[in-house]
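Structure record follows, encoded as structure tokens.
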Amino acid sequence: RPVLAIESSCDETAVAILDASGAVLGERVLSQQDHLPFGGVVPEIAARAHLAHLPGLVRTVLDDAGLAVAGLGAVAATCGPGLIGGLLVGSGLGRGMALSLEVPFVAVNHLEAHALTARLPGLTADGAPFPYLLLLVSGGHCQCIAVEGFGRYRRLGGTIDDAAGEAFDKVAKMLGLGWPGGPALERLARDGDPKAHRLPRPLIGRAGCDFSFSGLKTAVAQRLAALPAPLSAGDAADVAASFQAAVADVVADRVGHALAVMPAARLLVVAGGVAANGALRDRLTTLAAARGIGFAAPPLRLCTDNAVMVGWAAIETLRAAAAAGIAPDELSVPARPRWPLEEMATRFAVGVQ
Ligand code: ATP
Ligand code: MG
Ligand code: FE
């Protein structure tokens, strides 16, 4: 029977219903606009907005799917990592629904949901068999993850300062583009020369798969201060294009290192809002082709936060639990601001009773 999934870990309020095969029966995402005046996500406002919108959204998605609650076979909700207020709201609603419907509750790890999205039926030709390399690049995350099997994830490296999306947003702010500024910065960069400014490429060529963007961000600030004020449209476009090229170079170099330590990977998957960036996609496409492996970028609505990926992670969890002969009941798994992917390996030992 279908699974209803809830996502509320950051500033997207999302609900989806998937049938047991992974087909989407209904799906809605509300991107909270309440944060715009603050230039960033305000946790308390996010939690209240989830509380205000989630119950109605559940109703709407049930209607979209042509289902009554009694038709649900399981309820899933993101329980971490993320902003604790939102996680408590979404998982609280999910737990309450599962309890009253007497169906299993699945506690979904948000990072695992991003990691497994590529396996959604129909997204890739072969269903993205394990192992593959995941590059997760969003406003809050920037990391390379070896996806070796269901529940078997290894973080190969991550940012030591800003996430990629955070860097885009901060540079966009310096350019007066508003928030979140990634998409606007990419648009501006189209009119600029990526070679106009020689900007640093932090960590390039260094061992490992960590990322760093704060030096690049500072260099951009210095360039901007040195340019004649007020900033001309041409100068702004050149700075945007040069910054974007530097980010793409850094990410491609780091992903190259990650692929080198994961020779079994036949596929590179990119997820997170920054995966929308065309310059970055082009670099990753070229990189994957040069290594003779596949490249998968889910459609943008599945790259940014959504509930379809939460539902799919729940379906994979229910399948794995069934294969292990376990009846999943994760009502007591707490909402957590931090929930490292490595901990998923012990899930069926301690997480599922
Ligand atoms: P989380 O990190 O918890 O997944 P988030 O809301 O920070 O949540 P997403 O919603 O996945 O992350 O993505 C938003 C980020 O992606 C923002 O930082 C935004 O600027 C960036 N972004 C979106 N489109 C583009 C683009 N075309 N180029 C560069 N960055 C982009
Ligand atoms: Mg978001
Ligand atoms: Fe996310």
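Identifiers in the structure tokens: chain A, B, ... in order shown; residue index from 1 per chain; ligand index from 1 in order shown.
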
Worksheet item: Within 8 Å of ligand 3, counting only C-alpha atoms and all ligand atoms, which protein or nucleic acid residues do you find, written as number ranges by chain?
Response: A: 9-10, 110-111, 114, 138, 140-141, 272-273, 303-306

C-alpha atoms of the current selection, written as a PDB file, in the first residue's frame:
```
ATOM      1  CA  SER A   9      14.212  19.691   7.785  1.00  0.00           C
ATOM      2  CA  CYS A  10      14.907  23.186   6.429  1.00  0.00           C
ATOM      3  CA  HIS A 110      17.633  13.507   4.976  1.00  0.00           C
ATOM      4  CA  LEU A 111      21.119  12.814   3.592  1.00  0.00           C
ATOM      5  CA  HIS A 114      19.334  12.705  -1.190  1.00  0.00           C
ATOM      6  CA  SER A 138      23.252  22.497  -1.431  1.00  0.00           C
ATOM      7  CA  GLY A 140      23.693  23.473   3.907  1.00  0.00           C
ATOM      8  CA  HIS A 141      25.773  20.582   2.587  1.00  0.00           C
ATOM      9  CA  GLY A 272      21.306  19.493  -3.921  1.00  0.00           C
ATOM     10  CA  GLY A 273      20.192  22.896  -5.179  1.00  0.00           C
ATOM     11  CA  CYS A 303      17.690  17.803  -6.379  1.00  0.00           C
ATOM     12  CA  THR A 304      16.350  20.411  -3.966  1.00  0.00           C
ATOM     13  CA  ASP A 305      14.520  19.393  -0.798  1.00  0.00           C
ATOM     14  CA  ASN A 306      11.357  17.425  -1.541  1.00  0.00           C
TER      15      ASN A 306
END
```

List as a PDB file with N, CA and C atoms, in the first residue's frame the protein and nucleic acid residues lying within 9 Å of ligand 1, with only C-alpha atoms and all ligand atoms counted.
```pdb
ATOM      1  N   SER A   9      12.943  19.523   7.067  1.00  0.00           N
ATOM      2  CA  SER A   9      14.212  19.691   7.785  1.00  0.00           C
ATOM      3  C   SER A   9      14.804  21.086   7.642  1.00  0.00           C
ATOM      4  N   CYS A  10      14.323  21.857   6.629  1.00  0.00           N
ATOM      5  CA  CYS A  10      14.907  23.186   6.429  1.00  0.00           C
ATOM      6  C   CYS A  10      13.780  24.152   6.094  1.00  0.00           C
ATOM      7  N   ASP A  11      13.779  24.735   4.913  1.00  0.00           N
ATOM      8  CA  ASP A  11      12.745  25.722   4.597  1.00  0.00           C
ATOM      9  C   ASP A  11      11.792  25.260   3.501  1.00  0.00           C
ATOM     10  N   GLU A  12      11.837  23.959   3.144  1.00  0.00           N
ATOM     11  CA  GLU A  12      10.828  23.419   2.245  1.00  0.00           C
ATOM     12  C   GLU A  12       9.850  22.574   3.057  1.00  0.00           C
ATOM     13  N   SER A  31       7.971  26.196  -0.874  1.00  0.00           N
ATOM     14  CA  SER A  31       9.222  26.819  -0.446  1.00  0.00           C
ATOM     15  C   SER A  31       8.857  28.053   0.353  1.00  0.00           C
ATOM     16  N   VAL A  41      17.655  31.499   6.296  1.00  0.00           N
ATOM     17  CA  VAL A  41      16.582  30.755   6.960  1.00  0.00           C
ATOM     18  C   VAL A  41      16.600  31.030   8.463  1.00  0.00           C
ATOM     19  N   PRO A  81      19.393  14.893   9.353  1.00  0.00           N
ATOM     20  CA  PRO A  81      19.783  16.078  10.103  1.00  0.00           C
ATOM     21  C   PRO A  81      19.057  17.311   9.574  1.00  0.00           C
ATOM     22  N   GLY A  82      19.033  18.366  10.384  1.00  0.00           N
ATOM     23  CA  GLY A  82      18.357  19.589   9.967  1.00  0.00           C
ATOM     24  C   GLY A  82      18.020  20.456  11.158  1.00  0.00           C
ATOM     25  N   LEU A  83      17.128  21.423  10.918  1.00  0.00           N
ATOM     26  CA  LEU A  83      16.716  22.343  11.984  1.00  0.00           C
ATOM     27  C   LEU A  83      15.716  21.630  12.892  1.00  0.00           C
ATOM     28  N   HIS A 110      17.724  12.586   6.126  1.00  0.00           N
ATOM     29  CA  HIS A 110      17.633  13.507   4.976  1.00  0.00           C
ATOM     30  C   HIS A 110      18.775  13.284   3.972  1.00  0.00           C
ATOM     31  N   LEU A 111      19.977  13.022   4.481  1.00  0.00           N
ATOM     32  CA  LEU A 111      21.119  12.814   3.592  1.00  0.00           C
ATOM     33  C   LEU A 111      20.982  11.506   2.829  1.00  0.00           C
ATOM     34  N   HIS A 114      18.631  12.111  -0.048  1.00  0.00           N
ATOM     35  CA  HIS A 114      19.334  12.705  -1.190  1.00  0.00           C
ATOM     36  C   HIS A 114      20.166  11.622  -1.900  1.00  0.00           C
ATOM     37  N   LEU A 136      26.925  15.865  -3.038  1.00  0.00           N
ATOM     38  CA  LEU A 136      25.770  16.605  -2.512  1.00  0.00           C
ATOM     39  C   LEU A 136      26.177  18.054  -2.324  1.00  0.00           C
ATOM     40  N   VAL A 137      25.581  18.939  -3.109  1.00  0.00           N
ATOM     41  CA  VAL A 137      25.942  20.360  -3.066  1.00  0.00           C
ATOM     42  C   VAL A 137      24.678  21.207  -2.911  1.00  0.00           C
ATOM     43  N   SER A 138      24.453  21.692  -1.677  1.00  0.00           N
ATOM     44  CA  SER A 138      23.252  22.497  -1.431  1.00  0.00           C
ATOM     45  C   SER A 138      23.643  23.706  -0.591  1.00  0.00           C
ATOM     46  N   GLY A 139      22.633  24.378  -0.029  1.00  0.00           N
ATOM     47  CA  GLY A 139      22.935  25.523   0.814  1.00  0.00           C
ATOM     48  C   GLY A 139      23.556  25.112   2.136  1.00  0.00           C
ATOM     49  N   GLY A 140      23.216  23.925   2.598  1.00  0.00           N
ATOM     50  CA  GLY A 140      23.693  23.473   3.907  1.00  0.00           C
ATOM     51  C   GLY A 140      24.729  22.371   3.844  1.00  0.00           C
ATOM     52  N   HIS A 141      24.872  21.733   2.683  1.00  0.00           N
ATOM     53  CA  HIS A 141      25.773  20.582   2.587  1.00  0.00           C
ATOM     54  C   HIS A 141      26.683  20.694   1.379  1.00  0.00           C
ATOM     55  N   CYS A 142      27.913  20.161   1.534  1.00  0.00           N
ATOM     56  CA  CYS A 142      28.841  20.076   0.422  1.00  0.00           C
ATOM     57  C   CYS A 142      29.752  18.908   0.724  1.00  0.00           C
ATOM     58  N   ALA A 163      29.390  25.747   2.668  1.00  0.00           N
ATOM     59  CA  ALA A 163      28.857  24.855   1.639  1.00  0.00           C
ATOM     60  C   ALA A 163      28.870  25.625   0.321  1.00  0.00           C
ATOM     61  N   ALA A 164      28.822  24.903  -0.808  1.00  0.00           N
ATOM     62  CA  ALA A 164      28.889  25.542  -2.120  1.00  0.00           C
ATOM     63  C   ALA A 164      27.741  26.540  -2.306  1.00  0.00           C
ATOM     64  N   GLY A 165      26.533  26.127  -1.922  1.00  0.00           N
ATOM     65  CA  GLY A 165      25.373  27.009  -2.086  1.00  0.00           C
ATOM     66  C   GLY A 165      25.489  28.250  -1.211  1.00  0.00           C
ATOM     67  N   GLU A 166      26.065  28.047  -0.030  1.00  0.00           N
ATOM     68  CA  GLU A 166      26.291  29.158   0.901  1.00  0.00           C
ATOM     69  C   GLU A 166      27.249  30.172   0.264  1.00  0.00           C
ATOM     70  N   ALA A 167      28.303  29.663  -0.381  1.00  0.00           N
ATOM     71  CA  ALA A 167      29.266  30.543  -1.054  1.00  0.00           C
ATOM     72  C   ALA A 167      28.577  31.311  -2.189  1.00  0.00           C
ATOM     73  N   PHE A 168      27.777  30.612  -2.990  1.00  0.00           N
ATOM     74  CA  PHE A 168      27.014  31.281  -4.047  1.00  0.00           C
ATOM     75  C   PHE A 168      26.135  32.377  -3.445  1.00  0.00           C
ATOM     76  N   ASP A 169      25.451  32.047  -2.353  1.00  0.00           N
ATOM     77  CA  ASP A 169      24.528  33.011  -1.746  1.00  0.00           C
ATOM     78  C   ASP A 169      25.281  34.233  -1.203  1.00  0.00           C
ATOM     79  N   LYS A 170      26.459  34.004  -0.591  1.00  0.00           N
ATOM     80  CA  LYS A 170      27.200  35.126  -0.009  1.00  0.00           C
ATOM     81  C   LYS A 170      27.766  36.033  -1.093  1.00  0.00           C
ATOM     82  N   ALA A 172      26.538  36.301  -4.098  1.00  0.00           N
ATOM     83  CA  ALA A 172      25.371  36.954  -4.712  1.00  0.00           C
ATOM     84  C   ALA A 172      24.961  38.182  -3.894  1.00  0.00           C
ATOM     85  N   TRP A 179      18.504  37.146  -1.995  1.00  0.00           N
ATOM     86  CA  TRP A 179      18.697  35.803  -1.438  1.00  0.00           C
ATOM     87  C   TRP A 179      17.509  34.921  -1.734  1.00  0.00           C
ATOM     88  N   PRO A 180      17.677  33.605  -1.974  1.00  0.00           N
ATOM     89  CA  PRO A 180      18.963  32.950  -2.224  1.00  0.00           C
ATOM     90  C   PRO A 180      19.459  33.303  -3.610  1.00  0.00           C
ATOM     91  N   GLY A 181      20.746  33.591  -3.717  1.00  0.00           N
ATOM     92  CA  GLY A 181      21.241  34.253  -4.919  1.00  0.00           C
ATOM     93  C   GLY A 181      21.862  33.359  -5.971  1.00  0.00           C
ATOM     94  N   GLY A 182      21.959  32.054  -5.720  1.00  0.00           N
ATOM     95  CA  GLY A 182      22.591  31.145  -6.683  1.00  0.00           C
ATOM     96  C   GLY A 182      22.049  31.285  -8.099  1.00  0.00           C
ATOM     97  N   PRO A 183      20.731  31.147  -8.274  1.00  0.00           N
ATOM     98  CA  PRO A 183      20.175  31.231  -9.631  1.00  0.00           C
ATOM     99  C   PRO A 183      20.437  32.594 -10.292  1.00  0.00           C
ATOM    100  N   ALA A 184      20.310  33.686  -9.530  1.00  0.00           N
ATOM    101  CA  ALA A 184      20.536  35.023 -10.082  1.00  0.00           C
ATOM    102  C   ALA A 184      21.998  35.192 -10.469  1.00  0.00           C
ATOM    103  N   LEU A 185      22.901  34.629  -9.653  1.00  0.00           N
ATOM    104  CA  LEU A 185      24.327  34.742  -9.963  1.00  0.00           C
ATOM    105  C   LEU A 185      24.646  34.003 -11.264  1.00  0.00           C
ATOM    106  N   GLU A 186      24.047  32.827 -11.424  1.00  0.00           N
ATOM    107  CA  GLU A 186      24.291  32.078 -12.664  1.00  0.00           C
ATOM    108  C   GLU A 186      23.795  32.870 -13.882  1.00  0.00           C
ATOM    109  N   ARG A 187      22.638  33.499 -13.756  1.00  0.00           N
ATOM    110  CA  ARG A 187      22.094  34.292 -14.870  1.00  0.00           C
ATOM    111  C   ARG A 187      23.030  35.442 -15.219  1.00  0.00           C
ATOM    112  N   GLN A 244      32.034  31.723 -10.479  1.00  0.00           N
ATOM    113  CA  GLN A 244      31.379  30.463 -10.833  1.00  0.00           C
ATOM    114  C   GLN A 244      32.378  29.477 -11.438  1.00  0.00           C
ATOM    115  N   ALA A 271      23.457  15.925  -6.429  1.00  0.00           N
ATOM    116  CA  ALA A 271      22.181  16.299  -5.815  1.00  0.00           C
ATOM    117  C   ALA A 271      22.359  17.581  -5.015  1.00  0.00           C
ATOM    118  N   GLY A 272      21.250  18.217  -4.645  1.00  0.00           N
ATOM    119  CA  GLY A 272      21.306  19.493  -3.921  1.00  0.00           C
ATOM    120  C   GLY A 272      21.034  20.642  -4.892  1.00  0.00           C
ATOM    121  N   GLY A 273      20.614  21.779  -4.347  1.00  0.00           N
ATOM    122  CA  GLY A 273      20.192  22.896  -5.179  1.00  0.00           C
ATOM    123  C   GLY A 273      21.245  23.391  -6.151  1.00  0.00           C
ATOM    124  N   VAL A 274      22.535  23.316  -5.778  1.00  0.00           N
ATOM    125  CA  VAL A 274      23.603  23.820  -6.641  1.00  0.00           C
ATOM    126  C   VAL A 274      23.761  22.947  -7.891  1.00  0.00           C
ATOM    127  N   ALA A 275      23.193  21.736  -7.854  1.00  0.00           N
ATOM    128  CA  ALA A 275      23.212  20.864  -9.033  1.00  0.00           C
ATOM    129  C   ALA A 275      22.472  21.505 -10.199  1.00  0.00           C
ATOM    130  N   ALA A 276      21.686  22.550  -9.915  1.00  0.00           N
ATOM    131  CA  ALA A 276      20.991  23.279 -10.979  1.00  0.00           C
ATOM    132  C   ALA A 276      21.974  24.071 -11.835  1.00  0.00           C
ATOM    133  N   ASN A 277      23.159  24.333 -11.306  1.00  0.00           N
ATOM    134  CA  ASN A 277      24.101  25.219 -11.993  1.00  0.00           C
ATOM    135  C   ASN A 277      24.675  24.592 -13.265  1.00  0.00           C
ATOM    136  N   GLY A 278      24.440  25.248 -14.374  1.00  0.00           N
ATOM    137  CA  GLY A 278      24.830  24.708 -15.672  1.00  0.00           C
ATOM    138  C   GLY A 278      26.332  24.545 -15.827  1.00  0.00           C
ATOM    139  N   ALA A 279      27.103  25.537 -15.357  1.00  0.00           N
ATOM    140  CA  ALA A 279      28.559  25.474 -15.487  1.00  0.00           C
ATOM    141  C   ALA A 279      29.097  24.266 -14.723  1.00  0.00           C
ATOM    142  N   LEU A 280      28.541  24.040 -13.540  1.00  0.00           N
ATOM    143  CA  LEU A 280      28.972  22.908 -12.723  1.00  0.00           C
ATOM    144  C   LEU A 280      28.593  21.589 -13.390  1.00  0.00           C
ATOM    145  N   LEU A 300      15.627  19.034 -11.358  1.00  0.00           N
ATOM    146  CA  LEU A 300      15.866  19.982 -10.281  1.00  0.00           C
ATOM    147  C   LEU A 300      14.928  19.825  -9.081  1.00  0.00           C
ATOM    148  N   CYS A 303      16.365  17.447  -6.910  1.00  0.00           N
ATOM    149  CA  CYS A 303      17.690  17.803  -6.379  1.00  0.00           C
ATOM    150  C   CYS A 303      17.537  18.646  -5.123  1.00  0.00           C
ATOM    151  N   THR A 304      16.590  19.598  -5.149  1.00  0.00           N
ATOM    152  CA  THR A 304      16.350  20.411  -3.966  1.00  0.00           C
ATOM    153  C   THR A 304      15.471  19.614  -3.001  1.00  0.00           C
ATOM    154  N   ASP A 305      15.251  20.157  -1.807  1.00  0.00           N
ATOM    155  CA  ASP A 305      14.520  19.393  -0.798  1.00  0.00           C
ATOM    156  C   ASP A 305      13.086  19.113  -1.256  1.00  0.00           C
ATOM    157  N   ASN A 306      12.670  17.875  -1.087  1.00  0.00           N
ATOM    158  CA  ASN A 306      11.357  17.425  -1.541  1.00  0.00           C
ATOM    159  C   ASN A 306      10.958  16.200  -0.740  1.00  0.00           C
TER     160      ASN A 306
END
```

Hey, could you make a per-residue contact list for stretch 26-145 of chain A against stretch 281-287 of chain A with 12 Å as the cut-off, showing the nearest pair of atoms and its distance in Å to one decimal, counting only C-alpha atoms, sorted by chain and number, as a tab-separated table?
```
residue	atom	partner	partner_atom	distance
A:Leu133	CA	A:Leu284	CA	12.0
A:Leu134	CA	A:Leu284	CA	11.7
A:Leu135	CA	A:Leu284	CA	9.9
A:Val137	CA	A:Arg281	CA	11.5
```

Worksheet item: Quick one: DSSP strand (DSSP E) residues in stretch 91-336 of chain A, as JSON, numbers by chain?
Response: {"A": [105, 106, 107, 108, 109, 132, 133, 134, 135, 136, 137, 142, 143, 144, 145, 146, 147, 148, 149, 152, 153, 154, 155, 156, 157, 158, 267, 268, 269, 270, 271, 294, 295, 296]}

Could you write out the selected residues, including C-alpha atoms, as a PDB file, in the first residue's frame?
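Final file, result.pdb:
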```
ATOM      1  CA  PHE A 105       6.522   4.748  10.803  1.00  0.00           C
ATOM      2  CA  VAL A 106       9.836   5.145   8.945  1.00  0.00           C
ATOM      3  CA  ALA A 107      12.343   7.672  10.330  1.00  0.00           C
ATOM      4  CA  VAL A 108      14.222   8.971   7.284  1.00  0.00           C
ATOM      5  CA  ASN A 109      17.721  10.444   7.278  1.00  0.00           C
ATOM      6  CA  TYR A 132      28.167   5.061  -6.939  1.00  0.00           C
ATOM      7  CA  LEU A 133      29.611   8.413  -5.917  1.00  0.00           C
ATOM      8  CA  LEU A 134      27.254  11.100  -4.672  1.00  0.00           C
ATOM      9  CA  LEU A 135      28.198  14.772  -4.765  1.00  0.00           C
ATOM     10  CA  LEU A 136      25.770  16.605  -2.512  1.00  0.00           C
ATOM     11  CA  VAL A 137      25.942  20.360  -3.066  1.00  0.00           C
ATOM     12  CA  CYS A 142      28.841  20.076   0.422  1.00  0.00           C
ATOM     13  CA  GLN A 143      30.226  16.577   0.494  1.00  0.00           C
ATOM     14  CA  CYS A 144      31.319  13.516  -1.455  1.00  0.00           C
ATOM     15  CA  ILE A 145      29.671  10.302  -0.308  1.00  0.00           C
ATOM     16  CA  ALA A 146      30.511   6.768  -1.395  1.00  0.00           C
ATOM     17  CA  VAL A 147      27.135   5.049  -1.691  1.00  0.00           C
ATOM     18  CA  GLU A 148      28.220   1.432  -1.393  1.00  0.00           C
ATOM     19  CA  GLY A 149      24.851  -0.179  -0.693  1.00  0.00           C
ATOM     20  CA  ARG A 152      26.299   1.669   3.621  1.00  0.00           C
ATOM     21  CA  TYR A 153      27.544   5.208   3.142  1.00  0.00           C
ATOM     22  CA  ARG A 154      31.048   6.572   3.522  1.00  0.00           C
ATOM     23  CA  ARG A 155      31.754  10.290   3.680  1.00  0.00           C
ATOM     24  CA  LEU A 156      34.889  10.754   1.586  1.00  0.00           C
ATOM     25  CA  GLY A 157      35.201  14.473   2.247  1.00  0.00           C
ATOM     26  CA  GLY A 158      33.257  17.620   2.911  1.00  0.00           C
ATOM     27  CA  LEU A 267      28.228   6.362 -11.815  1.00  0.00           C
ATOM     28  CA  LEU A 268      28.558   9.928 -10.531  1.00  0.00           C
ATOM     29  CA  VAL A 269      25.352  11.388  -9.080  1.00  0.00           C
ATOM     30  CA  VAL A 270      24.885  15.046  -8.186  1.00  0.00           C
ATOM     31  CA  ALA A 271      22.181  16.299  -5.815  1.00  0.00           C
ATOM     32  CA  GLY A 294      27.886   7.522 -16.115  1.00  0.00           C
ATOM     33  CA  PHE A 295      26.608  10.864 -14.866  1.00  0.00           C
ATOM     34  CA  ALA A 296      23.166  11.350 -13.339  1.00  0.00           C
TER      35      ALA A 296
END
```

Discussion item. Which residue is closest to A:Phe150? Choose from A:Ala289, A:Ala323, A:Ala20, A:Leu331 and count only C-alpha atoms.
Written reply: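 That would be A:Ala323, the residue with the smallest distance to A:Phe150.
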
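Restricting the calculation to only C-alpha atoms and all ligand atoms, the smallest distance between ligand 2 and any of A:Arg301, A:Gly292, A:Asp329, A:Arg48 is found for A:Arg301.
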
Discussion item. DSSP on the backbone, alpha helix (DSSP H) only: what residues of stretch 87-151 of chain A does that give? Format it as a list in words.
Written reply: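 Result set for stretch 87-151 of chain A (alpha helix (DSSP H)): Leu87, Leu88, Val89, Gly90, Ser91, Gly92, Leu93, Gly94, Arg95, Gly96, Met97, Ala98, Leu99, Ser100, Leu101, His110, Leu111, Glu112, Ala113, His114, Ala115 and Leu116 of chain A.
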
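For A:Leu51, the non-local neighbours within 10 Å, defined as residues at least 3 positions apart in the same chain or in other chains and counting only C-alpha atoms, are Ser8, Thr13, Ile45, Ala46, Ala47, Arg48, Leu54, Pro55, Gly56, Gly85, Gly86, Leu88, Val89, Gly90 and Leu93 of chain A.
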
Neighbour list for A:Val239 as a PDB file with C-alpha atoms, in the first residue's frame, cut-off 9 Å, only C-alpha atoms, skip fewer than 2 positions in-chain:
```
ATOM      1  CA  LEU A 175      26.723  41.633  -5.871  1.00  0.00           C
ATOM      2  CA  ALA A 189      27.487  35.089 -15.114  1.00  0.00           C
ATOM      3  CA  GLY A 192      30.528  37.794 -18.031  1.00  0.00           C
ATOM      4  CA  ASP A 193      34.026  36.571 -18.871  1.00  0.00           C
ATOM      5  CA  PRO A 194      35.049  33.685 -16.577  1.00  0.00           C
ATOM      6  CA  ALA A 196      38.327  38.283 -16.282  1.00  0.00           C
ATOM      7  CA  HIS A 197      39.517  37.768 -12.705  1.00  0.00           C
ATOM      8  CA  VAL A 220      35.817  38.114  -4.453  1.00  0.00           C
ATOM      9  CA  ARG A 223      38.142  42.310  -6.080  1.00  0.00           C
ATOM     10  CA  LEU A 224      34.824  44.055  -5.651  1.00  0.00           C
ATOM     11  CA  GLY A 234      29.870  44.435 -17.021  1.00  0.00           C
ATOM     12  CA  ASP A 235      32.157  44.269 -13.978  1.00  0.00           C
ATOM     13  CA  ALA A 236      29.465  42.510 -11.936  1.00  0.00           C
ATOM     14  CA  ALA A 237      28.978  39.914 -14.684  1.00  0.00           C
ATOM     15  CA  ALA A 241      31.451  34.408 -14.131  1.00  0.00           C
ATOM     16  CA  SER A 242      34.957  34.251 -12.623  1.00  0.00           C
ATOM     17  CA  PHE A 243      33.590  33.116  -9.261  1.00  0.00           C
ATOM     18  CA  GLN A 244      31.379  30.463 -10.833  1.00  0.00           C
TER      19      GLN A 244
END
```

Worksheet item: From the list A:His35, A:Arg190, A:Arg1, A:Arg266, which residue is nearest A:Gly178 when using only C-alpha atoms?
Response: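 For A:Gly178, the nearest of the candidates is A:His35.
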
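Distance check against ligand 2 using only C-alpha atoms and all ligand atoms: of A:Leu199, A:Leu302, A:Ala345, A:Val247, the minimum falls on A:Leu302.
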
Worksheet item: For A:Glu44, which residue out of A:Ile84, A:Ile293, A:Leu116, A:Met344 is the nearest one, using only C-alpha atoms?
Response: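 For A:Glu44, the nearest of the candidates is A:Ile84.
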
Item to complete: Could you tell me which of A:Leu177, A:Ala225, A:Ala245, A:Ala297 comes closest to A:Gly39 if we count only C-alpha atoms?
Response: A:Leu177

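Using only C-alpha atoms, the contacts of A:Val261 at a cut-off of 10 Å, with sequence neighbours closer than 2 positions omitted, comprise A:Ala146, A:Leu156, A:Gly208, A:Cys209, A:Gly256, A:His257, A:Ala258, A:Leu259, A:Pro263, A:Ala264, A:Ala265.
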